[in-house]
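One file, entry-v6.cif, carrying mmCIF, C-alpha atoms:
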```cif
data_upload
#
loop_
_atom_site.label_atom_id
_atom_site.label_comp_id
_atom_site.auth_asym_id
_atom_site.auth_seq_id
_atom_site.Cartn_x
_atom_site.Cartn_y
_atom_site.Cartn_z
CA MET V 885 -63.15 7.54 -56.27
CA ASP V 886 -63.56 7.86 -60.01
CA LEU V 887 -65.73 10.97 -59.94
CA PRO V 888 -62.95 13.63 -59.70
CA GLY V 889 -60.95 11.91 -62.44
CA TRP V 890 -63.89 12.02 -64.83
CA GLN V 891 -64.40 15.68 -63.95
CA ALA V 892 -60.94 16.45 -65.36
CA ILE V 893 -61.76 14.49 -68.53
CA TYR V 894 -65.09 16.29 -68.81
CA GLN V 895 -63.41 19.70 -68.48
CA GLU V 896 -61.03 18.73 -71.22
CA LEU V 897 -63.50 17.18 -73.67
CA LYS V 898 -66.91 18.79 -73.17
CA LYS V 899 -66.21 21.45 -75.85
CA ASN V 900 -66.40 18.60 -78.39
CA ASN V 901 -70.14 18.06 -77.90
CA PHE V 902 -69.26 15.40 -75.33
CA GLU V 903 -71.22 14.41 -72.21
CA ILE V 904 -70.50 12.11 -69.34
CA VAL V 905 -73.40 10.24 -67.75
CA SER V 906 -72.12 8.54 -64.64
CA VAL V 907 -74.34 5.98 -62.92
CA ALA V 908 -73.95 4.62 -59.38
CA GLU V 909 -75.00 0.95 -59.19
CA ASP V 910 -75.94 1.09 -55.52
CA THR V 911 -78.97 -0.64 -54.01
CA GLY V 912 -78.46 1.50 -50.89
CA GLY V 913 -79.06 4.60 -53.04
CA VAL V 914 -78.03 8.02 -51.72
CA LYS V 915 -77.13 6.46 -48.35
CA ASP V 916 -74.23 4.58 -49.99
CA ALA V 917 -73.43 6.61 -53.11
CA GLY V 918 -74.22 10.10 -51.88
CA LYS V 919 -71.01 11.01 -50.10
CA ALA V 920 -68.77 10.39 -53.10
CA ILE V 921 -71.03 12.65 -55.21
CA THR V 922 -71.17 15.43 -52.61
CA ASP V 923 -67.40 15.29 -52.11
CA ALA V 924 -66.58 15.43 -55.84
CA ASN V 925 -69.44 17.78 -56.78
CA PRO V 926 -69.00 17.11 -60.49
CA THR V 927 -70.54 19.28 -63.24
CA TYR V 928 -71.41 16.31 -65.46
CA THR V 929 -74.50 14.20 -64.75
CA VAL V 930 -74.33 11.63 -61.96
CA LEU V 931 -77.34 9.36 -61.46
CA ILE V 932 -78.25 6.88 -58.76
CA ASP V 933 -79.43 3.47 -59.89
CA LYS V 934 -80.84 1.60 -56.87
CA ASP V 935 -82.26 -1.18 -59.02
CA HIS V 936 -79.11 -1.74 -61.12
CA LEU V 937 -81.33 -0.98 -64.11
CA VAL V 938 -78.45 0.16 -66.31
CA SER V 939 -76.55 -3.09 -65.68
CA ARG V 940 -79.71 -5.01 -66.53
CA LEU V 941 -80.39 -3.07 -69.74
CA TYR V 942 -76.78 -3.20 -70.96
CA ASN V 943 -75.86 -6.64 -69.54
CA MET V 944 -73.04 -5.19 -67.46
CA VAL V 945 -71.32 -7.51 -64.97
CA ASN V 946 -68.91 -5.23 -63.13
CA VAL V 947 -67.95 -1.64 -62.38
CA PRO V 948 -66.52 0.55 -63.75
CA THR V 949 -68.06 -0.23 -67.14
CA GLY V 950 -68.06 2.29 -69.99
CA VAL V 951 -70.24 2.47 -73.11
CA TRP V 952 -69.90 4.98 -75.94
CA ILE V 953 -73.10 6.32 -77.49
CA ASN V 954 -73.04 8.57 -80.54
CA GLU V 955 -75.09 11.68 -81.38
CA LYS V 956 -77.89 9.51 -82.84
CA GLY V 957 -78.19 7.42 -79.70
CA ARG V 958 -76.39 4.43 -81.24
CA ILE V 959 -73.88 2.34 -79.32
CA VAL V 960 -70.46 2.65 -80.97
CA ARG V 961 -68.37 0.94 -78.33
CA PRO V 962 -69.93 -1.54 -75.88
CA ASN V 963 -69.26 -2.61 -72.29
CA GLU V 964 -65.63 -2.34 -71.31
CA VAL V 965 -63.72 -1.76 -68.13
CA ALA V 966 -63.24 2.02 -67.93
CA PHE V 967 -60.54 3.18 -65.53
CA VAL V 968 -59.98 6.90 -65.30
CA ASP V 969 -56.60 6.52 -63.56
CA ASP V 970 -54.12 3.92 -62.31
CA ARG V 971 -55.21 3.62 -58.67
CA PHE V 972 -56.08 -0.05 -59.19
CA LYS V 973 -53.27 -0.89 -61.56
CA GLN V 974 -51.46 -3.03 -59.02
CA PHE V 975 -54.59 -5.10 -58.48
CA THR V 976 -55.74 -5.36 -62.08
CA GLY V 977 -52.51 -5.05 -64.04
CA LEU V 978 -54.39 -2.67 -66.34
CA ASP V 979 -53.09 0.68 -67.52
CA SER V 980 -55.79 3.34 -67.85
CA ALA V 981 -54.05 5.38 -70.58
CA PRO V 982 -54.98 3.40 -73.73
CA TYR V 983 -58.70 3.56 -72.96
CA ILE V 984 -58.63 7.23 -71.97
CA ASN V 985 -56.67 8.09 -75.12
CA ALA V 986 -59.17 6.17 -77.22
CA LEU V 987 -61.99 8.10 -75.51
CA ARG V 988 -60.24 11.39 -76.35
CA ASP V 989 -59.89 10.32 -79.97
CA TRP V 990 -63.61 9.53 -80.18
CA ALA V 991 -64.62 12.80 -78.48
CA LEU V 992 -62.68 14.66 -81.20
CA LYS V 993 -63.50 12.57 -84.27
CA GLY V 994 -66.84 10.96 -83.41
CA ASP V 995 -67.87 8.03 -85.61
CA ALA V 996 -64.74 8.59 -87.75
CA SER V 997 -62.56 7.55 -84.81
CA SER V 998 -60.92 4.18 -85.37
CA PHE V 999 -62.07 3.29 -81.85
CA ALA V 1000 -65.75 3.54 -82.80
CA MET V 1001 -66.62 -0.03 -83.80
CA SER V 1002 -68.33 -1.24 -86.97
CA GLU V 1003 -71.89 -2.55 -86.60
CA ASP V 1004 -70.75 -6.10 -87.39
CA ARG V 1005 -68.15 -6.02 -84.66
CA LEU V 1006 -70.66 -4.53 -82.22
CA ARG V 1007 -73.31 -7.14 -83.03
CA ALA V 1008 -70.79 -9.92 -82.45
CA LYS V 1009 -70.16 -8.46 -78.98
CA LEU V 1010 -73.77 -7.70 -78.09
CA GLY V 1011 -75.39 -11.12 -78.29
CA PRO V 1012 -78.62 -11.61 -76.34
CA PRO V 1013 -78.19 -12.83 -72.77
CA ASP V 1014 -78.79 -16.54 -72.17
CA ALA V 1015 -81.85 -17.80 -70.28
CA ASN V 1016 -79.93 -18.23 -67.02
CA SER V 1017 -78.60 -14.67 -67.10
CA MET V 1018 -82.13 -13.40 -67.67
CA LEU V 1019 -83.43 -15.40 -64.72
CA ALA V 1020 -80.52 -14.07 -62.68
CA THR V 1021 -81.64 -10.48 -63.31
CA ALA V 1022 -85.06 -11.36 -61.87
CA GLU V 1023 -83.62 -13.10 -58.78
CA PHE V 1024 -81.26 -10.19 -58.15
CA GLY V 1025 -84.09 -7.69 -58.67
CA LEU V 1026 -86.30 -9.59 -56.23
CA GLY V 1027 -83.45 -9.62 -53.69
CA GLU V 1028 -83.11 -5.84 -54.02
CA GLN V 1029 -86.85 -5.34 -53.58
CA LEU V 1030 -86.97 -7.53 -50.46
CA TYR V 1031 -83.97 -5.69 -49.01
CA GLU V 1032 -85.65 -2.36 -49.73
CA ALA V 1033 -88.91 -3.56 -48.15
CA GLY V 1034 -87.13 -4.40 -44.88
CA HIS V 1035 -86.47 -8.11 -45.44
CA PRO V 1036 -82.66 -8.25 -45.72
CA ALA V 1037 -82.40 -11.88 -44.54
CA GLU V 1038 -85.05 -13.04 -47.00
CA ALA V 1039 -83.16 -11.26 -49.79
CA ILE V 1040 -80.06 -13.42 -49.34
CA PRO V 1041 -81.33 -16.66 -50.97
CA HIS V 1042 -82.35 -14.64 -54.04
CA PHE V 1043 -78.98 -12.90 -54.26
CA LYS V 1044 -77.34 -16.33 -53.97
CA GLU V 1045 -79.55 -17.69 -56.73
CA ALA V 1046 -78.62 -14.74 -58.99
CA GLN V 1047 -74.93 -15.40 -58.28
CA ARG V 1048 -75.38 -19.07 -59.15
CA LEU V 1049 -77.31 -18.37 -62.35
CA ASN V 1050 -74.84 -15.76 -63.60
CA PRO V 1051 -71.47 -16.43 -61.97
CA LYS V 1052 -69.84 -13.88 -64.28
CA SER V 1053 -71.54 -10.96 -62.57
CA TRP V 1054 -69.38 -9.32 -59.95
CA ASN V 1055 -72.17 -6.78 -59.39
CA TYR V 1056 -74.34 -9.57 -57.97
CA LYS V 1057 -71.62 -10.69 -55.60
CA ARG V 1058 -70.19 -7.41 -54.40
CA GLN V 1059 -73.48 -5.56 -54.06
CA ALA V 1060 -74.91 -8.44 -52.02
CA TYR V 1061 -71.84 -8.59 -49.76
CA LYS V 1062 -72.18 -4.87 -49.16
CA LEU V 1063 -75.82 -5.18 -48.07
CA SER V 1064 -75.04 -7.67 -45.31
CA SER V 1065 -71.72 -9.43 -45.05
CA GLU V 1066 -69.52 -11.73 -47.09
CA SER V 1067 -69.92 -14.33 -44.33
CA ASP V 1068 -73.62 -14.62 -45.24
CA TYR V 1069 -72.38 -15.99 -48.56
CA GLY V 1070 -69.70 -18.27 -47.09
CA THR V 1071 -66.95 -16.56 -49.02
CA THR V 1072 -64.88 -13.40 -49.37
CA PHE V 1073 -64.23 -11.14 -52.32
CA ARG V 1074 -60.58 -12.24 -52.29
CA LYS V 1075 -61.52 -15.93 -52.37
CA GLU V 1076 -63.86 -15.32 -55.29
CA VAL V 1077 -61.13 -13.47 -57.19
CA ASP V 1078 -58.69 -16.33 -56.54
CA LYS V 1079 -61.29 -18.79 -57.85
CA ILE V 1080 -61.19 -17.21 -61.31
CA GLY V 1081 -57.40 -17.09 -61.39
CA GLY V 1082 -56.53 -13.93 -59.48
CA SER V 1083 -56.93 -10.19 -59.76
CA LYS V 1084 -55.06 -9.90 -63.05
CA VAL V 1085 -57.97 -11.60 -64.83
CA TYR V 1086 -60.68 -9.95 -62.70
CA TYR V 1087 -61.36 -7.48 -65.52
CA THR V 1088 -61.35 -8.35 -69.20
CA PRO V 1089 -58.93 -5.77 -70.66
CA PRO V 1090 -60.40 -3.20 -73.06
CA ASP V 1091 -60.49 -4.43 -76.65
CA LEU V 1092 -57.85 -2.00 -77.92
CA PRO V 1093 -54.91 -2.43 -80.27
CA PRO V 1094 -51.49 -2.63 -78.59
CA GLU V 1095 -50.40 0.80 -77.47
CA LYS V 1096 -49.14 3.17 -80.10
CA LYS V 1097 -48.52 6.89 -80.18
CA GLN V 1098 -51.68 8.84 -80.82
CA MET N 1482 -87.98 -20.21 -53.45
CA ARG N 1483 -89.46 -21.05 -56.77
CA MET N 1484 -88.73 -19.79 -60.23
CA LEU N 1485 -90.63 -19.84 -63.44
CA LEU N 1486 -88.75 -20.50 -66.61
CA TRP N 1487 -89.79 -18.22 -69.44
CA CYS N 1488 -88.28 -20.35 -72.12
CA GLY N 1489 -91.03 -22.76 -73.08
CA MET N 1490 -90.51 -25.47 -70.49
CA LEU N 1491 -93.47 -27.64 -71.38
CA ALA N 1492 -92.94 -30.60 -69.12
CA VAL N 1493 -94.10 -28.91 -65.93
CA PRO N 1494 -97.40 -27.38 -67.16
CA LEU N 1495 -98.37 -30.68 -68.83
CA LEU N 1496 -97.76 -32.53 -65.63
CA LEU N 1497 -99.72 -30.00 -63.60
CA ALA N 1498 -102.63 -30.04 -66.04
CA THR N 1499 -103.44 -33.58 -64.89
CA LEU N 1500 -103.76 -32.48 -61.27
CA PRO N 1501 -106.97 -30.98 -59.90
CA ALA N 1502 -106.80 -27.19 -59.90
CA VAL N 1503 -106.20 -25.76 -56.44
CA ALA N 1504 -106.87 -22.05 -56.42
CA LYS N 1505 -105.80 -20.17 -53.33
CA ASP N 1506 -106.71 -16.60 -52.45
CA ILE N 1507 -103.57 -14.74 -51.42
CA ARG N 1508 -102.24 -11.28 -50.78
CA ALA N 1509 -99.37 -10.73 -53.17
CA THR N 1510 -96.79 -8.09 -53.94
CA ILE N 1511 -96.02 -7.67 -57.61
CA VAL N 1512 -92.86 -5.90 -58.74
CA TYR N 1513 -93.16 -4.71 -62.33
CA ASP N 1514 -90.70 -2.25 -63.89
CA ASP N 1515 -89.08 -2.12 -60.44
CA ARG N 1516 -92.32 -0.78 -58.92
CA ALA N 1517 -93.99 -2.74 -56.11
CA THR N 1518 -97.79 -3.00 -55.94
CA GLU N 1519 -99.86 -4.79 -53.28
CA ILE N 1520 -102.52 -7.04 -54.75
CA ASP N 1521 -105.42 -8.21 -52.57
CA PRO N 1522 -106.87 -10.57 -53.47
CA ALA N 1523 -104.69 -12.41 -55.93
CA MET N 1524 -105.12 -16.06 -56.81
CA GLU N 1525 -102.39 -18.65 -56.88
CA GLU N 1526 -103.11 -21.82 -58.76
CA ASN N 1527 -100.56 -24.49 -59.67
CA GLY N 1528 -97.78 -21.96 -59.33
CA GLN N 1529 -99.52 -19.45 -61.59
CA LEU N 1530 -100.41 -15.98 -60.36
CA TRP N 1531 -103.84 -14.65 -61.34
CA ILE N 1532 -104.85 -11.04 -60.73
CA THR N 1533 -107.92 -9.04 -61.72
CA THR N 1534 -107.66 -7.12 -64.98
CA ALA N 1535 -108.10 -3.93 -62.94
CA ASP N 1536 -105.07 -4.88 -60.83
CA LEU N 1537 -103.19 -5.78 -64.02
CA THR N 1538 -103.47 -2.20 -65.19
CA ARG N 1539 -102.74 -0.81 -61.73
CA ALA N 1540 -99.57 -2.89 -61.32
CA THR N 1541 -98.22 -3.02 -64.87
CA GLN N 1542 -100.07 -0.37 -66.92
CA PHE N 1543 -100.99 -3.13 -69.38
CA GLU N 1544 -104.64 -3.37 -70.41
CA VAL N 1545 -106.60 -6.27 -71.84
CA LYS N 1546 -108.04 -5.14 -75.16
CA PRO N 1547 -109.69 -7.04 -78.02
CA GLN N 1548 -106.42 -6.98 -79.97
CA GLY N 1549 -104.31 -8.23 -77.06
CA VAL N 1550 -102.59 -7.11 -73.89
CA CYS N 1551 -101.45 -3.57 -74.55
CA ARG N 1552 -99.54 -0.65 -73.11
CA ASN N 1553 -99.55 2.42 -75.37
CA GLU N 1554 -98.46 1.22 -78.80
CA LEU N 1555 -97.03 -2.02 -77.47
CA CYS N 1556 -99.48 -4.91 -77.88
CA PHE N 1557 -99.07 -8.64 -77.27
CA PRO N 1558 -101.86 -10.68 -78.90
CA LEU N 1559 -103.03 -13.68 -76.86
CA PRO N 1560 -102.99 -16.92 -78.90
CA LYS N 1561 -106.68 -17.52 -79.77
CA ALA N 1562 -106.67 -21.22 -78.97
CA ARG N 1563 -105.10 -20.57 -75.55
CA LYS N 1564 -107.25 -17.65 -74.34
CA GLN N 1565 -108.52 -19.59 -71.33
CA GLU N 1566 -104.94 -19.99 -70.11
CA PHE N 1567 -104.76 -16.22 -69.67
CA LEU N 1568 -108.30 -14.96 -69.00
CA ARG N 1569 -111.20 -16.22 -66.91
CA ASN N 1570 -114.26 -14.92 -65.10
CA SER N 1571 -114.70 -15.80 -61.45
CA SER N 1572 -116.66 -14.27 -58.54
CA GLY N 1573 -117.92 -11.48 -60.77
CA LYS N 1574 -114.44 -10.38 -61.78
CA LYS N 1575 -112.21 -10.77 -64.78
CA TRP N 1576 -108.90 -12.47 -63.95
CA PHE N 1577 -105.62 -12.49 -65.81
CA ASN N 1578 -102.76 -14.99 -65.55
CA LEU N 1579 -99.75 -12.73 -65.13
CA THR N 1580 -97.14 -15.50 -64.86
CA GLY N 1581 -98.59 -17.20 -67.95
CA PHE N 1582 -98.33 -13.88 -69.76
CA ALA N 1583 -94.70 -13.51 -68.60
CA GLU N 1584 -93.89 -16.85 -70.21
CA LEU N 1585 -95.62 -15.72 -73.41
CA VAL N 1586 -93.56 -12.52 -73.64
CA HIS N 1587 -90.28 -14.17 -72.54
CA GLN N 1588 -90.08 -12.37 -69.25
CA PRO N 1589 -88.14 -13.87 -66.34
CA VAL N 1590 -90.01 -14.19 -63.05
CA ALA N 1591 -88.62 -14.64 -59.55
CA HIS N 1592 -90.86 -15.62 -56.65
CA ASP N 1593 -90.54 -15.56 -52.90
CA ALA N 1594 -93.19 -17.95 -51.61
CA ALA N 1595 -92.95 -16.99 -47.92
CA LEU N 1596 -93.45 -13.27 -48.57
CA ALA N 1597 -95.69 -13.78 -51.64
CA TYR N 1598 -93.50 -11.53 -53.78
CA TRP N 1599 -93.43 -11.87 -57.54
CA TYR N 1600 -90.77 -10.00 -59.49
CA PHE N 1601 -91.14 -9.55 -63.25
CA GLY N 1602 -87.96 -8.75 -65.19
CA LEU N 1603 -87.26 -7.34 -68.63
CA ARG N 1604 -89.42 -8.83 -71.37
CA GLY N 1605 -87.83 -10.47 -74.40
CA ASP N 1606 -88.57 -7.40 -76.52
CA GLN N 1607 -86.66 -5.24 -74.02
CA GLU N 1608 -83.72 -7.65 -73.84
CA GLN N 1609 -83.35 -7.72 -77.61
CA ARG N 1610 -83.03 -3.96 -77.88
CA LEU N 1611 -79.26 -4.11 -77.48
CA ALA N 1612 -78.86 -6.07 -80.71
CA SER N 1613 -80.44 -3.13 -82.58
CA LEU N 1614 -77.42 -1.09 -81.35
CA ASP N 1615 -79.79 1.65 -80.16
CA ALA N 1616 -78.65 2.53 -76.66
CA PRO N 1617 -81.43 1.43 -74.26
CA ASP N 1618 -82.97 4.51 -72.68
CA PHE N 1619 -83.47 4.88 -68.94
CA THR N 1620 -84.61 7.55 -66.50
CA LEU N 1621 -82.93 7.83 -63.10
CA PRO N 1622 -82.64 10.41 -60.32
CA ASP N 1623 -79.58 12.47 -59.45
CA ILE N 1624 -78.60 13.06 -55.80
CA ASN N 1625 -81.32 15.73 -55.47
CA GLY N 1626 -84.01 13.43 -56.82
CA LYS N 1627 -84.23 15.23 -60.15
CA LEU N 1628 -84.90 12.77 -62.99
CA HIS N 1629 -82.67 12.59 -66.07
CA SER N 1630 -83.06 10.38 -69.14
CA LEU N 1631 -80.26 9.20 -71.35
CA SER N 1632 -82.29 10.49 -74.30
CA ASP N 1633 -82.07 14.04 -72.86
CA PHE N 1634 -78.50 14.06 -74.23
CA ARG N 1635 -79.41 13.03 -77.79
CA GLY N 1636 -77.32 14.99 -80.31
CA ARG N 1637 -74.19 14.75 -78.18
CA LYS N 1638 -71.59 12.04 -77.75
CA ILE N 1639 -72.29 10.30 -74.46
CA PHE N 1640 -69.79 8.43 -72.39
CA LEU N 1641 -71.93 6.25 -70.12
CA VAL N 1642 -69.95 4.94 -67.18
CA THR N 1643 -70.92 3.02 -64.03
CA TRP N 1644 -69.36 2.97 -60.60
CA ALA N 1645 -70.39 1.86 -57.11
CA SER N 1646 -69.61 2.51 -53.47
CA TRP N 1647 -68.90 -1.17 -52.92
#
```
Please express what this file holds, its structure, as structure tokens.
Amino acid sequence: MDLPGWQAIYQELKKNNFEIVSVAEDTGGVKDAGKAITDANPTYTVLIDKDHLVSRLYNMVNVPTGVWINEKGRIVRPNEVAFVDDRFKQFTGLDSAPYINALRDWALKGDASSFAMSEDRLRAKLGPPDANSMLATAEFGLGEQLYEAGHPAEAIPHFKEAQRLNPKSWNYKRQAYKLSSESDYGTTFRKEVDKIGGSKVYYTPPDLPPEKKQ
Amino acid sequence: MRMLLWCGMLAVPLLLATLPAVAKDIRATIVYDDRATEIDPAMEENGQLWITTADLTRATQFEVKPQGVCRNELCFPLPKARKQEFLRNSSGKKWFNLTGFAELVHQPVAHDAALAYWYFGLRGDQEQRLASLDAPDFTLPDINGKLHSLSDFRGRKIFLVTWASW
């Protein structure tokens, strides 16, 4: 779990006017996300997002995704894979250190950090979602509502439609598999990863300069 | 399963306009801002969902006012020449075309015909917030059910990070 790792980062950085807001994208709510929170018992804020609202608002397509928000409530670094440690390094090929070091730099220097992006660069990254992705959010949302209302089988066609409309979203795939079974979708997580070229391209690496000494 | 495109697909409404109107009284569930509301009766006509203006406010908190369809300071004027596409009087009640309105405000809709569920997503104005670079606000519960908003942390640097049990 990521929660204990972020607790260590929080202990280290909170004196710099720094907060962590951690959000569980779990349609099953406390039933699915609760144990990890109880076990880690973190002192930063952990929220439960049954409707995947944060993913919808920020156009996130996977977990873990990190966003940096400055003191004025402005985004200064958008959606990026945010690993707190190297537990998944073998799968992803990604080293957690560059991102964590960049986060430390920002906690200390704020907007003056070279890792806080210019507005032009941010705008280029934060284009509006296309029509299909927007429709996908509605199909996924309807699937979640039907699941919640006790119609898990009826939810499946809507989850499938969301997956078709926005094939880039791993949230739509993995959350749906969790709520019933991969076999309901005629696939497996591994097969889906192989389809895109394997686990080493499963996450887009953080947009950071090649590693250098901080 | 049927979907409504928000993005000005004109071909379908034009085609349907030539067919006789078939209004059907139904019991519907509307999901708006992730909140489900039972609507009885609702009216389905050529794939459009009509609800009473009282139910509109109950389900969405939007109200029909002279200046448009409004919620607090947010107001969407209805195009004058097209008013009858959105509002009508029938059986002593005032009805509002909620799916037509969704199209007007660029809001995606998903529909489950068998269960008569209609899900309304983020409106265009909500989707475009990201481009302003203001972090979209949200309010969610912690494990004890206590609500927290992102804006509660204004004045501090916030590292927002997602995870999941799956």
So what does the PyMOL selection byres ((chain V) within 7 of (chain N)) actually pick up in this one, as a VMD selection string? chain V and resid 901 to 910 914 916 to 918 930 to 933 941 947 to 959 1007 1010 to 1012 1018 to 1019 1021 to 1023 1026 1058 to 1059 1062
Written selection (C-alpha atoms) as an mmCIF file, in the coordinates of the input:
```cif
data_model
loop_
_atom_site.group_PDB
_atom_site.id
_atom_site.type_symbol
_atom_site.label_atom_id
_atom_site.label_comp_id
_atom_site.auth_asym_id
_atom_site.auth_seq_id
_atom_site.Cartn_x
_atom_site.Cartn_y
_atom_site.Cartn_z
ATOM 1 C CA ASN V 901 -70.140 18.060 -77.900
ATOM 2 C CA PHE V 902 -69.260 15.400 -75.330
ATOM 3 C CA GLU V 903 -71.220 14.410 -72.210
ATOM 4 C CA ILE V 904 -70.500 12.110 -69.340
ATOM 5 C CA VAL V 905 -73.400 10.240 -67.750
ATOM 6 C CA SER V 906 -72.120 8.540 -64.640
ATOM 7 C CA VAL V 907 -74.340 5.980 -62.920
ATOM 8 C CA ALA V 908 -73.950 4.620 -59.380
ATOM 9 C CA GLU V 909 -75.000 0.950 -59.190
ATOM 10 C CA ASP V 910 -75.940 1.090 -55.520
ATOM 11 C CA VAL V 914 -78.030 8.020 -51.720
ATOM 12 C CA ASP V 916 -74.230 4.580 -49.990
ATOM 13 C CA ALA V 917 -73.430 6.610 -53.110
ATOM 14 C CA GLY V 918 -74.220 10.100 -51.880
ATOM 15 C CA VAL V 930 -74.330 11.630 -61.960
ATOM 16 C CA LEU V 931 -77.340 9.360 -61.460
ATOM 17 C CA ILE V 932 -78.250 6.880 -58.760
ATOM 18 C CA ASP V 933 -79.430 3.470 -59.890
ATOM 19 C CA LEU V 941 -80.390 -3.070 -69.740
ATOM 20 C CA VAL V 947 -67.950 -1.640 -62.380
ATOM 21 C CA PRO V 948 -66.520 0.550 -63.750
ATOM 22 C CA THR V 949 -68.060 -0.230 -67.140
ATOM 23 C CA GLY V 950 -68.060 2.290 -69.990
ATOM 24 C CA VAL V 951 -70.240 2.470 -73.110
ATOM 25 C CA TRP V 952 -69.900 4.980 -75.940
ATOM 26 C CA ILE V 953 -73.100 6.320 -77.490
ATOM 27 C CA ASN V 954 -73.040 8.570 -80.540
ATOM 28 C CA GLU V 955 -75.090 11.680 -81.380
ATOM 29 C CA LYS V 956 -77.890 9.510 -82.840
ATOM 30 C CA GLY V 957 -78.190 7.420 -79.700
ATOM 31 C CA ARG V 958 -76.390 4.430 -81.240
ATOM 32 C CA ILE V 959 -73.880 2.340 -79.320
ATOM 33 C CA ARG V 1007 -73.310 -7.140 -83.030
ATOM 34 C CA LEU V 1010 -73.770 -7.700 -78.090
ATOM 35 C CA GLY V 1011 -75.390 -11.120 -78.290
ATOM 36 C CA PRO V 1012 -78.620 -11.610 -76.340
ATOM 37 C CA MET V 1018 -82.130 -13.400 -67.670
ATOM 38 C CA LEU V 1019 -83.430 -15.400 -64.720
ATOM 39 C CA THR V 1021 -81.640 -10.480 -63.310
ATOM 40 C CA ALA V 1022 -85.060 -11.360 -61.870
ATOM 41 C CA GLU V 1023 -83.620 -13.100 -58.780
ATOM 42 C CA LEU V 1026 -86.300 -9.590 -56.230
ATOM 43 C CA ARG V 1058 -70.190 -7.410 -54.400
ATOM 44 C CA GLN V 1059 -73.480 -5.560 -54.060
ATOM 45 C CA LYS V 1062 -72.180 -4.870 -49.160
#
```
Any chance you could work out the residue set of the PyMOL selection byres ((chain V and resi 1072-1089) around 12) here, as an MDAnalysis selection string? (chainID V and resid 945:949 963:967 972:980 982:983 1047 1051:1062 1065:1071 1090:1094) or (chainID N and resid 1647)
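Rounded to one decimal, atom CA of Phe1024 of chain V and atom CA of Pro1041 of chain V lie 9.7 Å from each other.
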Just say which residues the PyMOL selection byres ((chain N and resi 1566-1568) around 9) picks in this file, as a ChimeraX atom specification. /N:1531,1534,1559,1563-1565,1569-1570,1575-1579,1581-1582
File dump, residues just selected, C-alpha atoms, as an mmCIF file, in the coordinates of the input:
```cif
data_model
loop_
_atom_site.group_PDB
_atom_site.id
_atom_site.type_symbol
_atom_site.label_atom_id
_atom_site.label_comp_id
_atom_site.auth_asym_id
_atom_site.auth_seq_id
_atom_site.Cartn_x
_atom_site.Cartn_y
_atom_site.Cartn_z
ATOM 1 C CA TRP N 1531 -103.840 -14.650 -61.340
ATOM 2 C CA THR N 1534 -107.660 -7.120 -64.980
ATOM 3 C CA LEU N 1559 -103.030 -13.680 -76.860
ATOM 4 C CA ARG N 1563 -105.100 -20.570 -75.550
ATOM 5 C CA LYS N 1564 -107.250 -17.650 -74.340
ATOM 6 C CA GLN N 1565 -108.520 -19.590 -71.330
ATOM 7 C CA ARG N 1569 -111.200 -16.220 -66.910
ATOM 8 C CA ASN N 1570 -114.260 -14.920 -65.100
ATOM 9 C CA LYS N 1575 -112.210 -10.770 -64.780
ATOM 10 C CA TRP N 1576 -108.900 -12.470 -63.950
ATOM 11 C CA PHE N 1577 -105.620 -12.490 -65.810
ATOM 12 C CA ASN N 1578 -102.760 -14.990 -65.550
ATOM 13 C CA LEU N 1579 -99.750 -12.730 -65.130
ATOM 14 C CA GLY N 1581 -98.590 -17.200 -67.950
ATOM 15 C CA PHE N 1582 -98.330 -13.880 -69.760
#
```
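If you count only C-alpha atoms and ignore residues fewer than 3 places along the chain from Met1524 of chain N, what sits within 7 Å of it is Ala1504, Lys1505, Asp1506, Ile1507, Leu1530, Trp1531 and Ile1532 of chain N.
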Please identify all polymer residues within 8 Å of Phe999 of chain V, counting only C-alpha atoms, omitting same-chain residues fewer than 5 positions from it, and present them as a CSV table (one decimal) with C-alpha atoms, keeping the file's coordinate frame.
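Output file part-v2.csv follows:
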```
chain,number,residue,atom,x,y,z
V,961,ARG,CA,-68.4,0.9,-78.3
V,986,ALA,CA,-59.2,6.2,-77.2
V,987,LEU,CA,-62.0,8.1,-75.5
V,989,ASP,CA,-59.9,10.3,-80.0
V,990,TRP,CA,-63.6,9.5,-80.2
V,1092,LEU,CA,-57.8,-2.0,-77.9
```
For Asp970 of chain V, which of V:Leu1063, V:Ala1015, V:Met885, V:Ala1008 is the closest residue, counting all atoms listed in the file?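 Using all atoms listed in the file, Asp970 of chain V sits closest to V:Met885.
Distances to Asn1527 of chain N were evaluated for N:Cys1551, N:Ala1509, N:Val1503, N:Ala1540 using only C-alpha atoms, and the minimum falls at N:Val1503.
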Rounded to one decimal in Å, what is the spacing between atom CA of Glu1032 of chain V and atom CA of Ala1020 of chain V?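 It comes out at 18.2 Å.
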Separation of atom CA of Tyr1513 of chain N from atom CA of Lys1546 of chain N in Å: 19.7 Å
